[in-house]
Structures are given as structure tokens and as C-alpha cells.
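Pasting run_17.txt here (compact mmCIF, C-alpha atoms):
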```
# COMPACT_ATOMS: atom_id res chain seq x y z
CA MET P 1 -10.34 -58.96 6.20
CA ARG P 2 -13.81 -58.25 7.57
CA ARG P 3 -12.20 -56.86 10.73
CA ASP P 4 -9.98 -54.55 8.67
CA THR P 5 -13.00 -53.39 6.69
CA ALA P 6 -14.99 -52.69 9.85
CA LEU P 7 -12.11 -50.69 11.31
CA ARG P 8 -11.76 -48.70 8.11
CA TRP P 9 -15.48 -47.92 8.00
CA ALA P 10 -15.41 -46.93 11.68
CA ALA P 11 -12.56 -44.51 10.85
CA TYR P 12 -14.67 -43.08 8.01
CA VAL P 13 -17.60 -42.51 10.38
CA GLY P 14 -15.26 -40.96 12.97
CA VAL P 15 -13.97 -38.48 10.40
CA ALA P 16 -17.55 -37.61 9.42
CA ILE P 17 -18.50 -37.05 13.08
CA ALA P 18 -15.45 -34.83 13.70
CA PHE P 19 -16.22 -32.84 10.56
CA ALA P 20 -19.86 -32.48 11.61
CA ILE P 21 -18.85 -31.22 15.07
CA ALA P 22 -16.62 -28.57 13.46
CA CYS P 23 -19.44 -27.56 11.11
CA VAL P 24 -21.91 -27.25 14.00
CA PHE P 25 -19.44 -25.08 15.92
CA LEU P 26 -18.97 -22.78 12.92
CA SER P 27 -22.72 -22.72 12.29
CA ASN P 28 -23.43 -21.67 15.89
CA TRP P 29 -20.77 -18.98 15.58
CA GLN P 30 -22.48 -17.59 12.48
CA PHE P 31 -25.88 -17.74 14.20
CA ALA P 32 -24.40 -15.73 17.10
CA ARG P 33 -22.97 -13.16 14.70
CA ASN P 34 -26.35 -12.92 12.98
CA ASP P 35 -28.02 -12.27 16.35
CA GLU P 36 -25.46 -9.55 17.11
CA ARG P 37 -26.06 -7.92 13.75
CA ALA P 38 -29.84 -8.08 14.26
CA ALA P 39 -29.43 -6.40 17.66
CA GLN P 40 -27.30 -3.66 16.07
CA LEU P 41 -29.91 -3.02 13.39
CA ALA P 42 -32.67 -2.92 16.00
CA LEU P 43 -30.68 -0.40 18.06
CA VAL P 44 -30.15 1.85 15.03
CA GLU P 45 -33.82 1.63 14.08
CA ARG P 46 -34.87 2.50 17.61
CA ASN P 47 -32.48 5.41 18.21
CA TYR P 48 -31.40 6.89 14.91
CA ASP P 49 -34.44 9.11 14.28
CA ALA P 50 -35.45 9.61 17.92
CA ALA P 51 -36.04 13.12 19.24
CA ALA P 52 -32.86 14.82 20.44
CA VAL P 53 -32.44 15.14 24.21
CA PRO P 54 -29.90 17.12 26.30
CA LEU P 55 -26.47 15.51 26.58
CA ASP P 56 -26.75 15.22 30.37
CA GLU P 57 -29.81 12.99 30.00
CA LEU P 58 -27.88 10.22 28.22
CA LEU P 59 -24.37 11.02 29.39
CA PRO P 60 -24.56 12.47 32.92
CA GLY P 61 -20.97 11.46 33.63
CA ASP P 62 -18.55 9.80 31.24
CA GLN P 63 -20.10 6.37 30.78
CA LEU P 64 -22.19 5.70 27.68
CA ASP P 65 -24.99 3.16 28.03
CA PRO P 66 -24.70 0.86 24.97
CA GLU P 67 -28.47 1.17 24.53
CA SER P 68 -28.03 4.93 24.00
CA GLU P 69 -25.73 4.62 20.99
CA TRP P 70 -26.98 6.42 17.87
CA HIS P 71 -29.42 8.50 19.95
CA PRO P 72 -29.38 12.23 19.06
CA VAL P 73 -28.44 14.73 21.79
CA VAL P 74 -28.27 18.52 21.94
CA VAL P 75 -25.10 20.22 23.16
CA THR P 76 -24.50 23.96 23.55
CA GLY P 77 -20.95 25.27 23.66
CA GLU P 78 -18.05 26.51 21.56
CA TYR P 79 -15.89 24.68 19.08
CA VAL P 80 -12.13 24.61 19.68
CA PRO P 81 -10.87 24.37 16.07
CA GLU P 82 -7.19 24.81 16.99
CA GLN P 83 -7.32 21.39 18.72
CA GLN P 84 -9.16 19.46 16.00
CA VAL P 85 -7.61 16.37 14.44
CA VAL P 86 -8.46 14.20 11.46
CA VAL P 87 -8.87 10.43 11.23
CA ARG P 88 -6.97 8.98 8.29
CA ASN P 89 -7.78 6.11 5.91
CA ARG P 90 -11.58 6.27 6.14
CA PRO P 91 -13.44 4.79 3.13
CA HIS P 92 -15.63 7.55 1.66
CA GLY P 93 -16.33 8.62 -1.89
CA GLY P 94 -14.36 5.72 -3.34
CA THR P 95 -11.11 6.85 -1.72
CA SER P 96 -9.28 6.81 1.61
CA ALA P 97 -10.62 10.05 3.03
CA PHE P 98 -10.25 11.89 6.33
CA GLU P 99 -12.89 12.52 9.01
CA VAL P 100 -12.77 15.80 10.89
CA LEU P 101 -12.90 15.54 14.70
CA THR P 102 -13.51 18.95 16.28
CA PRO P 103 -13.71 19.33 20.08
CA LEU P 104 -16.81 21.13 21.39
CA ARG P 105 -16.44 22.65 24.83
CA ALA P 106 -19.88 22.42 26.45
CA SER P 107 -21.26 24.98 28.89
CA ASP P 108 -20.46 22.65 31.81
CA GLY P 109 -16.76 22.52 30.81
CA ARG P 110 -16.76 19.01 29.37
CA VAL P 111 -15.35 18.51 25.87
CA LEU P 112 -17.28 16.38 23.39
CA ILE P 113 -15.51 15.26 20.23
CA VAL P 114 -17.72 15.95 17.21
CA ASP P 115 -17.22 14.12 13.91
CA ARG P 116 -18.26 16.87 11.49
CA GLY P 117 -17.93 14.74 8.36
CA TRP P 118 -15.30 13.71 5.85
CA ILE P 119 -13.01 15.48 3.41
CA PRO P 120 -10.95 14.08 0.53
CA PRO P 121 -7.16 13.85 0.62
CA ALA P 122 -5.07 16.72 -0.69
CA GLU P 123 -3.89 16.54 -4.29
CA SER P 124 -0.35 16.22 -3.03
CA GLY P 125 1.19 15.13 0.24
CA ASP P 126 -0.09 12.82 2.96
CA GLY P 127 -2.76 15.01 4.48
CA PRO P 128 -6.35 16.12 3.92
CA ALA P 129 -7.65 18.84 1.66
CA LEU P 130 -8.55 22.21 3.17
CA ILE P 131 -10.70 21.67 6.29
CA PRO P 132 -13.81 23.89 6.42
CA ALA P 133 -13.93 26.00 9.59
CA PRO P 134 -16.68 25.30 12.16
CA PRO P 135 -19.03 28.07 13.40
CA SER P 136 -17.39 30.48 15.81
CA GLY P 137 -18.83 31.58 19.13
CA THR P 138 -21.67 29.81 20.93
CA VAL P 139 -23.28 27.10 18.87
CA SER P 140 -26.08 24.60 19.44
CA VAL P 141 -25.17 21.24 18.01
CA VAL P 142 -27.23 18.08 17.49
CA VAL P 143 -25.14 14.92 17.29
CA ARG P 144 -25.72 11.18 17.42
CA LEU P 145 -23.74 9.45 20.16
CA ARG P 146 -21.25 6.79 19.12
CA ALA P 147 -18.95 4.52 21.10
CA PRO P 148 -15.21 5.03 20.54
CA GLU P 149 -13.08 2.76 18.41
CA ALA P 150 -10.16 0.62 19.54
CA LEU P 151 -6.57 1.29 18.62
CA PRO P 152 -5.34 -0.59 15.52
CA ASN P 153 -4.13 -4.11 16.22
CA SER P 154 -1.28 -3.49 13.80
CA GLY P 155 0.04 -0.72 16.02
CA ARG P 156 0.08 1.74 13.13
CA THR P 157 0.39 5.41 14.02
CA ALA P 158 -0.39 8.68 12.24
CA PRO P 159 1.39 11.96 11.56
CA ALA P 160 0.90 14.97 13.80
CA GLY P 161 -2.65 16.30 13.68
CA GLN P 162 -3.97 12.88 12.59
CA VAL P 163 -5.13 9.73 14.38
CA PRO P 164 -5.44 6.19 12.98
CA THR P 165 -8.89 5.53 14.55
CA ILE P 166 -11.47 7.37 16.64
CA ASN P 167 -9.84 6.27 19.86
CA LEU P 168 -10.94 8.92 22.33
CA PRO P 169 -8.14 8.51 24.91
CA LEU P 170 -5.70 9.02 22.03
CA VAL P 171 -7.62 12.09 20.82
CA ALA P 172 -7.71 13.43 24.40
CA GLU P 173 -3.93 13.66 24.31
CA THR P 174 -4.51 16.62 21.99
CA THR P 175 -7.83 17.99 23.29
CA GLY P 176 -7.15 17.79 27.03
CA SER P 177 -8.23 15.90 30.13
CA ALA P 178 -11.77 17.35 30.08
CA THR P 179 -12.51 15.32 26.92
CA LEU P 180 -15.25 12.70 27.21
CA THR P 181 -13.75 9.32 26.36
CA SER P 182 -16.81 7.05 26.45
CA ALA P 183 -18.64 8.64 23.50
CA TYR P 184 -18.28 11.06 20.64
CA GLY P 185 -20.92 12.67 18.43
CA VAL P 186 -21.62 12.35 14.72
CA LEU P 187 -22.88 15.72 13.51
CA VAL P 188 -26.54 16.09 12.57
CA SER P 189 -26.92 19.89 12.55
CA GLU P 190 -25.34 23.12 13.81
CA ASP P 191 -26.97 26.41 14.76
CA PRO P 192 -25.83 28.83 13.47
CA PRO P 193 -24.96 26.88 10.31
CA VAL P 194 -22.02 27.53 8.00
CA SER P 195 -22.11 27.31 4.24
CA ASP P 196 -18.85 25.40 3.81
CA MET P 197 -19.02 21.99 5.47
CA PRO P 198 -17.27 18.62 5.28
CA TYR P 199 -19.21 15.95 3.44
CA ALA P 200 -21.88 14.38 5.65
CA LEU P 201 -21.30 10.83 6.84
CA ALA P 202 -23.59 8.19 5.36
CA ALA P 203 -26.31 6.56 7.45
CA PRO P 204 -25.41 3.12 8.85
CA SER P 205 -26.00 0.17 6.55
CA GLU P 206 -29.21 -1.80 6.97
CA ASP P 207 -27.69 -4.92 5.41
CA PRO P 208 -28.08 -7.85 7.84
CA GLY P 209 -25.00 -9.50 6.37
CA PRO P 210 -24.45 -13.07 5.16
CA HIS P 211 -24.22 -14.68 8.60
CA LEU P 212 -27.56 -16.54 8.46
CA SER P 213 -26.84 -18.03 5.03
CA TYR P 214 -23.35 -19.05 6.17
CA ALA P 215 -24.82 -20.77 9.25
CA ILE P 216 -27.20 -22.79 7.08
CA GLN P 217 -24.38 -23.68 4.69
CA TRP P 218 -22.29 -25.14 7.54
CA ILE P 219 -25.24 -27.34 8.55
CA LEU P 220 -25.55 -28.57 4.97
CA PHE P 221 -21.82 -29.30 4.88
CA ALA P 222 -22.19 -31.46 8.00
CA VAL P 223 -24.99 -33.47 6.37
CA MET P 224 -23.03 -33.77 3.13
CA GLY P 225 -20.09 -35.21 5.08
CA PHE P 226 -22.22 -38.14 6.28
CA VAL P 227 -23.72 -38.58 2.80
CA PHE P 228 -20.23 -38.74 1.28
CA ILE P 229 -18.97 -41.27 3.84
CA GLY P 230 -22.13 -43.34 3.31
CA TYR P 231 -21.50 -43.33 -0.44
CA ILE P 232 -17.91 -44.53 0.07
CA ILE P 233 -18.98 -47.36 2.40
CA ARG P 234 -21.81 -48.40 0.06
CA THR P 235 -19.42 -48.46 -2.92
CA GLU P 236 -16.87 -50.57 -1.05
CA ARG P 237 -19.59 -52.95 0.16
CA ARG P 238 -20.99 -53.43 -3.35
CA LYS P 239 -17.51 -54.12 -4.73
CA ARG P 240 -16.81 -56.62 -1.95
CA VAL P 241 -20.09 -58.47 -2.69
CA GLU P 242 -19.19 -58.65 -6.39
CA ASP P 243 -15.72 -59.99 -5.57
CA GLU P 244 -17.24 -62.67 -3.30
CA LYS P 245 -19.62 -63.76 -6.11
CA ASP P 246 -16.65 -64.10 -8.47
CA ASP P 247 -14.82 -66.23 -5.92
CA ASP P 248 -17.84 -68.57 -5.63
CA GLN P 249 -17.97 -69.31 -9.39
CA PRO P 250 -16.41 -72.61 -10.69
CA ALA P 251 -12.81 -72.28 -11.80
CA ALA P 252 -13.64 -73.56 -15.29
CA THR P 253 -16.25 -70.86 -15.70
CA ARG P 254 -13.85 -68.14 -14.54
CA ALA P 255 -11.10 -69.47 -16.84
CA VAL P 256 -13.16 -69.44 -20.03
CA ARG P 257 -11.74 -66.97 -22.42
CA PRO P 258 -13.21 -65.88 -25.73
CA ARG P 259 -11.63 -67.59 -28.71
CA LYS P 260 -9.46 -65.40 -30.78
CA ARG P 261 -10.86 -64.37 -34.11
CA VAL P 262 -9.17 -66.27 -36.94
CA ASP P 263 -7.40 -64.10 -39.42
CA ARG P 264 -8.87 -65.04 -42.84
CA ASP P 265 -5.85 -63.69 -44.72
CA ALA P 266 -3.53 -65.86 -42.63
CA GLU P 267 -5.57 -68.97 -43.55
CA GLN P 268 -5.31 -68.19 -47.21
CA GLU P 269 -1.53 -67.71 -46.98
CA ASP P 270 -1.18 -71.05 -45.22
CA ALA P 271 -3.19 -72.78 -47.96
CA ILE P 272 -1.01 -71.29 -50.72
CA LEU P 273 2.17 -72.38 -48.92
CA ASP P 274 0.82 -75.92 -48.51
CA ARG P 275 0.08 -76.22 -52.24
CA ALA P 276 3.53 -74.93 -53.11
CA ASP P 277 5.19 -77.56 -50.88
CA ALA P 278 3.16 -80.25 -52.50
```
For this file, write the structure as C-alpha cells.
Amino acid sequence: MRRDTALRWAAYVGVAIAFAIACVFLSNWQFARNDERAAQLALVERNYDAAAVPLDELLPGDQLDPESEWHPVVVTGEYVPEQQVVVRNRPHGGTSAFEVLTPLRASDGRVLIVDRGWIPPAESGDGPALIPAPPSGTVSVVVRLRAPEALPNSGRTAPAGQVPTINLPLVAETTGSATLTSAYGVLVSEDPPVSDMPYALAAPSEDPGPHLSYAIQWILFAVMGFVFIGYIIRTERRKRVEDEKDDDQPAATRAVRPRKRVDRDAEQEDAILDRADA
């Protein structure tokens, strides 16, 4: 019996160790995600309000340095509105809106995709509301550089004139081979300006996210696993000690039972019956 108990307790401890290992793995994963989020926030803080520089300074070819993301650049060229597309299903204004991607042909011939902002969906149909026209002729544009997005894992597509994500190779199928595919720009300002504009995109969130609290919670879960197993073993051990004490008591002592309470009414009935028989 003791051997069976030891094996059972060893199994309990093994389960607690396996659970703790899983919790530590998940905790480290959350710590890593917290570090990634902290690096993203630091990059935004460093670049978001920096002074704008010429596009060639940060993007001399077609390879965006990750450390240059969110940095403002100045581009001079002409918009090509007939080749613009919209990105569908973007969460803005409490609805699934559209973002307007307008190609800007720079003076060196390269085409930079500019996200000019968002517009609500049309009242009817599956498309956007009326898209405000960009400035015509030569324009000087300040944009913040962003890395492109991946294609949807679901494989979803979009109607003509729309794209499911800001995937620049996909957009380049409409805007041509001169399109830069390593970065696009989020509009900051245009010169000359126009009065009718899409709604401006919101600044990136400064929320660090719940990753640090989740990491600490997984550590606490690991500790609680050992505490729970310890409680089970302690409870079983206490019960086993009590059972052994009962086994050591004399049989006569264990067999003593409380006498049943005599029913007074039954005694009186018996007395009456006895007198009647007499």
C-alpha cells in the first residue's frame, strides 16, 4: 500500500512539473511579445514626430530599413488617381471602412503608394462612398513610411478596384512595375492642399498591451499547480494517519456503539399490556 501511495504521489508531482514547464514556456512567450511591443513603441516614439527628410535618404532603392518605419519623408511628384485602389474592411469610425491608396509618381520615376486616409462605405452596394480627388499637377507630399502588409491567410480576395490588405506587390499589379514594394506612405500633408479629403488615419496606439500581466499570471499558475498538488498529498497523508490510528485502537473500543434512546411511550404501552394480562 505504501508503494502504491508513493507511486501515486510521484505521479502527482510529475503532473505538477509538466504543468509548470508549460506555464514557463507560455510565460516566456508573453515576455517576448512584451519586448516586441516595447520595441515597437520605442520606434514610434523615436520616428513619428521626427523632421521629414527626402525619400532617397531613407529609401535609396526599394528596401526599407525596419528602423526607418514611421519616419516622415518628403516626396515631390504627381498623383495618378486613375490607378488608385481602396483597401476594404478597415476598422474606422465604428464601421468597416475603406482606405484610399493613391499612387504618387515621384520625379525620379518611382511610384510610391500613399494612404491618403479612410472613407466610409457607400449607403448601398459593396463599395466605398465618393472618394475625394487628390491635388492635380505637381505636389509636395509628406508621408510616414510604413512596411507593407501580408496577404490574408484566409485567401480572401476583393472586387475590382479594391484590395484585401495593403500588400504592395498586389497593389503593383494595378499601379505598374515602377511601384515601390518595400514601403508605402501614410499621408501627413500635401502642398498644395485640397479642401475635400478622406478622414485622417489615427496615430498608432501607445497601449503596451497585456503581455506582461499575462506572463506574470502564467508564473503564478505554475506555483499554484505545486501548491494544489501539495494540498492533495497533505490531505491524503492526514487521512492515512487517521486510518492507522483507528486500526491501532482495541476492537472493543471500536465496537462500542451508543445505546439507543428508550422510547418512553413504548414503555408505558408495555406496562398497560402487562396489567391487562394479569
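Picture a line from CA of Pro121 (chain P) to CA of Ala160 (chain P); it runs 15.5 Å.
The space between CA of Ser136 (chain P) and CA of Val100 (chain P) spans 16.2 Å.
When all atoms listed in the file are used to measure the gap to Asn47 (chain P), the shortest distance among P:Pro134, P:Leu145, P:Glu82, P:Glu123 belongs to P:Leu145.
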Given all atoms listed in the file as the counted atoms, nearest of P:Pro132, P:Gly209, P:Glu57, P:Arg88 to Arg156 (chain P): P:Arg88
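Our summary of the geometry notes that CA of Phe226 (chain P) is positioned 20.0 Å from CA of Lys239 (chain P).
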Exercise: region 91-94 of chain P partners within 12 Å, all atoms listed in the file, chain neighbours under 3 positions left out, as a list of chain:residue names: P:Val87, P:Arg88, P:Ala97, P:Phe98, P:Glu99, P:Gly117, P:Trp118, P:Ile119, P:Pro120, P:Pro121, P:Pro198, P:Tyr199, P:Ala200, P:Leu201, P:Ala202
Could those residues be written to a file, using C-alpha atoms, as an mmCIF file, keeping the file's coordinate frame?
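out-v8.cif, written as the output of this step:
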```cif
data_model
loop_
_atom_site.group_PDB
_atom_site.id
_atom_site.type_symbol
_atom_site.label_atom_id
_atom_site.label_comp_id
_atom_site.auth_asym_id
_atom_site.auth_seq_id
_atom_site.Cartn_x
_atom_site.Cartn_y
_atom_site.Cartn_z
ATOM 1 C CA VAL P 87 -8.870 10.430 11.230
ATOM 2 C CA ARG P 88 -6.970 8.980 8.290
ATOM 3 C CA ALA P 97 -10.620 10.050 3.030
ATOM 4 C CA PHE P 98 -10.250 11.890 6.330
ATOM 5 C CA GLU P 99 -12.890 12.520 9.010
ATOM 6 C CA GLY P 117 -17.930 14.740 8.360
ATOM 7 C CA TRP P 118 -15.300 13.710 5.850
ATOM 8 C CA ILE P 119 -13.010 15.480 3.410
ATOM 9 C CA PRO P 120 -10.950 14.080 0.530
ATOM 10 C CA PRO P 121 -7.160 13.850 0.620
ATOM 11 C CA PRO P 198 -17.270 18.620 5.280
ATOM 12 C CA TYR P 199 -19.210 15.950 3.440
ATOM 13 C CA ALA P 200 -21.880 14.380 5.650
ATOM 14 C CA LEU P 201 -21.300 10.830 6.840
ATOM 15 C CA ALA P 202 -23.590 8.190 5.360
#
```
Top pick for closest residue to Ala133 (chain P), considering P:Gln84, P:Asn153, P:Thr175, P:Asn167 and counting all atoms listed in the file: P:Gln84
